[in-house]
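Participant: One structure, as structure tokens, below. Some questions next.
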Amino acid sequence: MDISGILQVVSNSKLIYPNEEKVRSTSIGSSEAFQELLKQSQEEPAKFWDSAARELVWYEPWDETISGQLPDFRFFSGGISNPSVNLLDRHIENGAGNRTALIWEGENGDTKFYTYNMLLAEVNRFANVLKSFGVKKGDCVAIFLPNLAEAFISVLACFRIGAIYNTIFSGYSEKSLTDRLINFEPKVLITADATERRGKFIPLKEKVDQVVPSIPSIEAVIVVDRLGSEVQMKEGRDYWWHEQTKAASIVCEPDRIEANESGIVFYTSGTTGKPKGVVHSGMAFVTQNYTYAKYHMDHHQDDVFWCTADIGWLTMHIWGITGALANGVTTVVFEGAVDYPTKDRFYQIIEKYRVNKLFTAPTALRMLKSMGEKTLEKFDLSCLDVISLVGEPFDPETWHWTYEVLGKKKVYINNTWGQTETAGSPIAGAAWLTPMKPGSSGTAFLGAVMDIVDAEGNSVRPGTLGNLVIRKPFPMLCRTLWKEPERYYASYYSQVDGCYYASDLALIDDDGYLWVVGRSDDAFNVAGHRLSTMEMESAALECEGVSETAIIGIPDEIKGEVPLVFVRLADGYNGTAELKQQINNRIIQQIGKIATPKSIIFTDMLPKTVSGKIMRRLLKEIVVSGKVTGDITGLEDPTTVAQIQKIVAEKSTVK
């Protein structure tokens, strides 16, 4: 593979050391102590995880800390506990019941505040409601809600009674919703009358009514009255949230759950187009994400933490629910888009609630950067302390803007790597304890043994691009695929013997830092040279005025495939011929003439999921066939597809 562009980015990226005073303020005390802990976690994982788990509340101890190996393994076998007890009751019993647990803000400015005492009471109420509908440990509950406080309460109530839950992005179409519900077979579905997105009214109950008749497992639909809109309520099936919870007790004894019992099923895209239901065990998920969040974010109990993800993505469950509440901090939940109704809504929320720990996506930071510095100048963002992110490669230029402009060189930036299947981030840094490196995702984290291998499964040398694998299990790694155990083995364990295969391309540098450059299927062949989209996109992003870019490979009769570049410009910049030439020259300079773009297309928008990932697959479909065959309702703004189709059709250079 031609990796000259990647290697140049790697060689130009230097270690940036965190503030020494901050290092001394962390719970572990020193960078040296953390490195010893990291070494122990990877060399003696049973000893490490045993110690980490003992920081939580258990009804009965485990018989064995780790049993089995990849792909079939168990953690804390025989250990009995309850996730909600460790997210709520534990803090109340330690005297923190009146600390603020949850701050909710709606797109229209509505707000709600819950202390740990208040949140536990609401969780218990709803847990009793679920029990009144016959939901018991091991039953399935589907949550089809936007970022509402009720969505958090629903998740915690499922944890309370041992129900297996699945949250589904509220923007999905009837087909996507149906596909997931048919596979999951929930007993109860939780939704809302409607929601708002960028000021637009989105009817959720109406969509549910179209779907539920085809899902025989659903016995009850519980509806949150979010906007007071008129909806059809079917007697004997549909029930209002507020009416059911009003009469419910605020006391609910938590169920006793074994550490490896299934707690979460989360759907992720499959190569066949059929979603994969990734299964995580509840207590193992809580145990590891408690530990990871503590060190990733350097959590303290007076933190105000904001995860900008949607409840329909596992990121929110990892960081905004489990990681935050397990560490006893205040977590902020925002219902709307972070640039609506004004572009500075993101900054407004940080200043208003004095958010000091932030978890977001690279795309969100690139959007902020494109707005210019004047947009943030009127806000006091001095509260920001740690900024973490996940989702896609984070280009060094935006990293430096985040550190120098947004963070005023006073923040710790924790760029991480993780997947739905890995739950949290097994590649990352520890806030204020490890050096930062712009562009890298950090090093293998606590208990994670990562490797880069070639096509035959052999470890490659530093600086060599290869396939990312995981060599040892950790508690939050997925256990199977819902109802598809054979697909689980084929998807993750058929490629390299004894290893979890991440389907990501990566390399490790001389400092031991990992660079995940993108999905292996995002790379393409140009005249026999395998090129990664990440290296070309990083080159284009170095050009002044380029806010975001997405590069795809399109068919070519001579070379097989050639790059085509989509560019979204920063505010105040125009798509001139000069800028197009600069981008072209920068890509050639960084990678070589082999990477010369077929064309460069300027656009005001790119198709993204709500979590911020650019959907390059959709761009390729538009360019190659002129149409999109897959479901686009998971996009943050589905109208971008039609707009890009129009732009592409107008470009005579694109066939």
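Residues in the structure tokens are named by chain (A, B, ... in the order shown) and by number from 1 within that chain; ligands are numbered from 1 in the order shown.
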Please list as a PyMOL selection string every residue within 12 Å of Pro475 (chain A), counting only C-alpha atoms and excluding residues in the same chain fewer than 4 positions away.
Facilitator: chain A and resi 45-46+48-50+52-53+65-67+69-70+72-77+259-260+280-292+421-424+426+446-448+479
Participant: Can you tell me, as an MDAnalysis selection string, what residues are no more than 12 Å from Arg24 (chain A) when counting only C-alpha atoms, ignoring any on the same chain fewer than 2 positions away?
Facilitator: chainID A and resid 18:22 26:34 298 431:433
Participant: Using only C-alpha atoms, which residues sit within 10 Å of Asp637 (chain A) once same-chain residues fewer than 3 positions away are excluded, as a ChimeraX atom specification?
Facilitator: /A:171,197-198,605-610,632-634,640-641
Participant: Could those selected residues go to a file with N, CA and C atoms, as a PDB file, in the first residue's frame?
Facilitator:
ATOM      1  N   GLY A 171     -34.787   8.947  14.121  1.00  0.00           N
ATOM      2  CA  GLY A 171     -34.937   9.440  12.757  1.00  0.00           C
ATOM      3  C   GLY A 171     -35.058   8.344  11.717  1.00  0.00           C
ATOM      4  N   ARG A 197     -36.646  18.576  15.249  1.00  0.00           N
ATOM      5  CA  ARG A 197     -35.261  18.548  14.790  1.00  0.00           C
ATOM      6  C   ARG A 197     -35.062  19.711  13.849  1.00  0.00           C
ATOM      7  N   ARG A 198     -34.205  20.641  14.241  1.00  0.00           N
ATOM      8  CA  ARG A 198     -33.979  21.866  13.480  1.00  0.00           C
ATOM      9  C   ARG A 198     -35.300  22.586  13.210  1.00  0.00           C
ATOM     10  N   MET A 605     -22.795  20.886   1.850  1.00  0.00           N
ATOM     11  CA  MET A 605     -23.166  19.876   2.835  1.00  0.00           C
ATOM     12  C   MET A 605     -22.603  18.520   2.448  1.00  0.00           C
ATOM     13  N   LEU A 606     -22.509  17.644   3.425  1.00  0.00           N
ATOM     14  CA  LEU A 606     -22.104  16.262   3.201  1.00  0.00           C
ATOM     15  C   LEU A 606     -23.056  15.362   3.977  1.00  0.00           C
ATOM     16  N   PRO A 607     -23.371  14.192   3.457  1.00  0.00           N
ATOM     17  CA  PRO A 607     -24.302  13.306   4.168  1.00  0.00           C
ATOM     18  C   PRO A 607     -23.646  12.710   5.408  1.00  0.00           C
ATOM     19  N   LYS A 608     -24.242  12.969   6.580  1.00  0.00           N
ATOM     20  CA  LYS A 608     -23.663  12.501   7.841  1.00  0.00           C
ATOM     21  C   LYS A 608     -24.732  11.847   8.700  1.00  0.00           C
ATOM     22  N   THR A 609     -24.301  10.912   9.513  1.00  0.00           N
ATOM     23  CA  THR A 609     -25.177  10.377  10.550  1.00  0.00           C
ATOM     24  C   THR A 609     -25.281  11.413  11.652  1.00  0.00           C
ATOM     25  N   VAL A 610     -26.235  11.218  12.570  1.00  0.00           N
ATOM     26  CA  VAL A 610     -26.380  12.150  13.686  1.00  0.00           C
ATOM     27  C   VAL A 610     -25.127  12.175  14.548  1.00  0.00           C
ATOM     28  N   ILE A 632     -31.819   6.161   3.985  1.00  0.00           N
ATOM     29  CA  ILE A 632     -31.105   7.395   4.323  1.00  0.00           C
ATOM     30  C   ILE A 632     -31.699   8.093   5.530  1.00  0.00           C
ATOM     31  N   THR A 633     -32.660   7.461   6.198  1.00  0.00           N
ATOM     32  CA  THR A 633     -33.304   8.138   7.324  1.00  0.00           C
ATOM     33  C   THR A 633     -32.412   8.219   8.555  1.00  0.00           C
ATOM     34  N   GLY A 634     -31.294   7.502   8.555  1.00  0.00           N
ATOM     35  CA  GLY A 634     -30.357   7.601   9.660  1.00  0.00           C
ATOM     36  C   GLY A 634     -29.446   8.808   9.555  1.00  0.00           C
ATOM     37  N   THR A 640     -29.799  16.224   2.296  1.00  0.00           N
ATOM     38  CA  THR A 640     -28.490  16.442   1.670  1.00  0.00           C
ATOM     39  C   THR A 640     -28.282  15.523   0.469  1.00  0.00           C
ATOM     40  N   VAL A 641     -28.922  14.351   0.473  1.00  0.00           N
ATOM     41  CA  VAL A 641     -28.742  13.407  -0.629  1.00  0.00           C
ATOM     42  C   VAL A 641     -29.236  14.005  -1.935  1.00  0.00           C
TER      43      VAL A 641
END
Participant: Out of A:Ser25, A:Ser41, A:Ser11, A:Gln582, which residue has the shortest atom-to-atom distance to Gly439 (chain A) when counting only C-alpha atoms?
Facilitator: A:Ser11
Participant: Would you pick out the contacts of region 514-518 of chain A at 6 Å or less, using only C-alpha atoms, so that residues sharing its chain but fewer than 4 positions from it are not included, and give the list as a VMD selection string?
Facilitator: chain A and resid 440 to 443 504 to 508 534
Participant: So, with only C-alpha atoms as the atoms that count, which of A:Glu185, A:Val648, A:Tyr340, A:Asn124 lies closest to Gly626 (chain A)?
Facilitator: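 Selected residue with least distance to Gly626 (chain A): A:Val648.
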Participant: Once DSSP has gone over the backbone, tell me which residues of region 27-146 of chain A are in strand (DSSP E or B), as a tab-separated table (two decimals) with C-alpha atoms, in the first residue's frame.
Facilitator:
chain	number	residue	atom	x	y	z
A	60	GLU	CA	-22.07	-11.94	45.56
A	64	GLU	CA	-13.21	-16.56	38.43
A	65	THR	CA	-12.18	-13.16	37.07
A	66	ILE	CA	-11.48	-14.31	33.48
A	67	SER	CA	-12.47	-17.63	31.94
A	68	GLY	CA	-12.20	-18.78	28.33
A	69	GLN	CA	-10.55	-16.88	25.51
A	72	ASP	CA	-15.82	-17.28	23.81
A	73	PHE	CA	-14.98	-15.74	27.16
A	74	ARG	CA	-16.49	-14.63	30.47
A	75	PHE	CA	-15.59	-12.05	33.11
A	76	PHE	CA	-16.45	-12.14	36.83
A	77	SER	CA	-18.21	-15.50	36.45
A	80	ILE	CA	-24.00	-10.96	41.14
A	81	SER	CA	-24.81	-7.25	41.03
A	100	THR	CA	-27.24	16.94	40.20
A	101	ALA	CA	-27.16	13.77	38.11
A	102	LEU	CA	-28.87	14.85	34.89
A	103	ILE	CA	-29.45	18.15	33.11
A	104	TRP	CA	-31.75	17.97	30.10
A	105	GLU	CA	-32.22	20.76	27.55
A	111	THR	CA	-34.94	22.30	30.71
A	112	LYS	CA	-35.20	19.64	33.42
A	113	PHE	CA	-32.85	18.92	36.32
A	114	TYR	CA	-32.60	15.67	38.29
A	115	THR	CA	-30.55	14.99	41.42
A	140	CYS	CA	-36.72	-7.34	25.61
A	141	VAL	CA	-37.63	-3.63	25.64
A	142	ALA	CA	-37.15	-1.33	22.62
A	143	ILE	CA	-36.62	2.42	23.07
